[in-house]
Amino acid sequence: MVRELALKFSIAALPVAIRLPLAAAGMIFFAAVASTQVALSVMARQTAQQTELLGQIYLDGLSAVLLPHVRAGDSEAARAALHNALSFHEGIVERQLAFVDARSAIVVAARGETVAPQAIPSEVATRVAGTISGRDGSAWFWRPLQTGSEAYGTVVARLDVSGFQRDRERLRWLLLAADLAFSGLCAVAGFFMVRRIQQPVALIAQRLYEAALGLPKPIEAAAMPVDKPSRLMFHAFNAMVHASREREDMLAHMAEQQRKADLGQLAAVIAHEVRNPLGGMRTAVSTLRHFGDQASVREETLGFLARGVDALGQVVDATLASYRPQADWRQLTRQDLDDLRLLVEADSRARGVRLMVEIDLPENVPVPALEVRQVLLNLLLNAIRATPRDGQVGLSARLEQASLVLKVSDTGEGMTRSVIRAYEAGLDEPGGPGLGIGIVIRLVERLNGRIGIEASPRAGTTVTLALPLQPEEQKP
């Protein structure tokens with residue numbers, strides 16, 4: 001059982017290009033051997049029948065010699081006739097001859113001088129005629145001696161048929177060896193014939209595998225088969241390869257067109273966003289040329305230029321946030337919030353604004369660290385720049401249910417209604433506060449978060465962000 005299973009799995013592990021020819025070769029070999037065995041079996045039966053017929057023919061001649069003596073009742077003459085028959089053996093050697101008289105039950109027998117006698121088989125008395133083969137290469141034959149309806153007895157002969165048996169065995173082994181050789185040759189020829197028939201399918205399978213790896217190649221004309229079905233299959237494969245290449249070329253062309261369209265859109269956005277600050281800055285430069293000797297005008301114009309440069313920086317930041325590749329995802333940590341505090345402290349000290357930070361979070365929070373840092377950095381810078389000297393900017397962070405809640409507050413003059421609508425509606429309207437608003441809108445939308453804004457001229461502005469926590473299976 002173990003050997004059968006091992007053989008089964010070893011054959012199953014072979015590729016189809018080998019298994020199918022092997023199966024065909026095995027079937028050819030089995031069919032050839034089986035047909036030869038059937039032929040040998042039929043030949044053996046015919047040989048046995050011919051041997052029996054030969055024995056009966058011998059008994060016919062012996063009966064013709066004995067019949068006159070048996071009719072006359074001369075036993076001695078019958079015995080002499082049997083001895084004479086033993087003296088002549090051309091092709092067939094007689095070992096024992098006998099006549100069993102049916103009337104007197106007398107057995108007249110004769111045997112060769114060098115032959116060991118054997119008892120007459122008991123079947124002679126129970127069967128009218130028959131044949132029995134012995135193990136020593138001899139065979140017993142018997143038949144009744146009669147004329148018309150009168151029976152005189154039974155003629156019995158033990159003949160040496162070993163020569164026939166040897167010839168038959170020799171012929172049998174010769175045919176078996178020839179059959180095995182011929183069957184093996186047919187099996188080998190069948191194996192290579194099936195392999196040759198399989199070549200078109202194997203070539204198609206190989207090219208399909210290469211196409212799955214992204215390397216589709218058409219089949220060369222020299223490899224085209226002669227038969228029409230295989231040739232049609234090859235033509236269909238080549239048509240598929242050409243269609244695939246055309247599709248890839250079309251996709252590449254469309255990707256190039258899309259890239260150009262994106263670049264055009266990017267250029268249009270930058271031109272639109274940069275044009276207004278540049279126009280104002282050009283006016284400021286002209287003012288400096290004409291009225292630069294006046295301290296108040298010079299101070300006001302330089303401040304306007306600084307704000308214009310800041311506005312251009314904001315456009316660049318928003319563009320980078322929208323188009324640069326995303327970094328790998330990682331959780332927000334308390335260290336990220338401490339880094340934010342360090343980043344904005346220099347700006348807050350330069351403007352004389354106090355920074356109050358209140359963090360009530362575990363060490364790790366399952367939200368994207370880089371996006372949250374970018375949102376908070378822009379909101380804190382906005383708040384610091386909107387807060388007058390000696391004012392205060394606050395940052396608080398805590399967990400509420402399945403969300404991270406962040407609050408950025410300032411004691412400035414408060415956002416205008418247009419700015420609040422821009423935040424709440426996700427708009428980035430030209431002429432708004434601009435500093436990071438585009439970045440904030442896009443990043444909060446990407447995080448599936450919500451923005452809440454409270455603003456008043458006396459209490460300043462408080463921006464509340466609610467960002468959903470991301471379970472492990474939702475992380476990018």
# chains A, B, ... in the order shown; residues from 1 in each chain; ligands from 1

call {"tool": "residues_around", "arguments": {"residues": "Lys407 of chain A", "least_positions_apart": "3", "cutoff": "9 Å", "atoms": "only C-alpha atoms", "output": "ChimeraX atom specification"}}
result
/A:394-397,462-466

call {"tool": "select_by_dssp", "arguments": {"residues": "segment 208-408 of chain A", "states": "strand (DSSP E)", "output": "VMD selection string"}}
result
chain A and resid 331 to 333 354 to 360 364 to 368 392 to 400 403 to 408

call {"tool": "select_by_dssp", "arguments": {"residues": "segment 89-260 of chain A", "states": "alpha helix (DSSP H)", "output": "count of residues only"}}
result
88

call {"tool": "residues_around", "arguments": {"residues": "Ser456 of chain A", "least_positions_apart": "4", "cutoff": "12 Å", "atoms": "only C-alpha atoms", "output": "NGL selection string"}}
result
:A and (409-417 or 420 or 460-462)

call {"tool": "residues_around", "arguments": {"residues": "segment 30-38 of chain A", "least_positions_apart": "2", "cutoff": "7 Å", "atoms": "only C-alpha atoms", "output": "ChimeraX atom specification"}}
result
/A:26-28,40-42,179-180,183

call {"tool": "residues_around", "arguments": {"residues": "segment 60-67 of chain A", "least_positions_apart": "5", "cutoff": "12 Å", "atoms": "only C-alpha atoms", "output": "PyMOL selection string"}}
result
chain A and resi 53-55+72-86+88+94+97-101+108+141-147+150-157
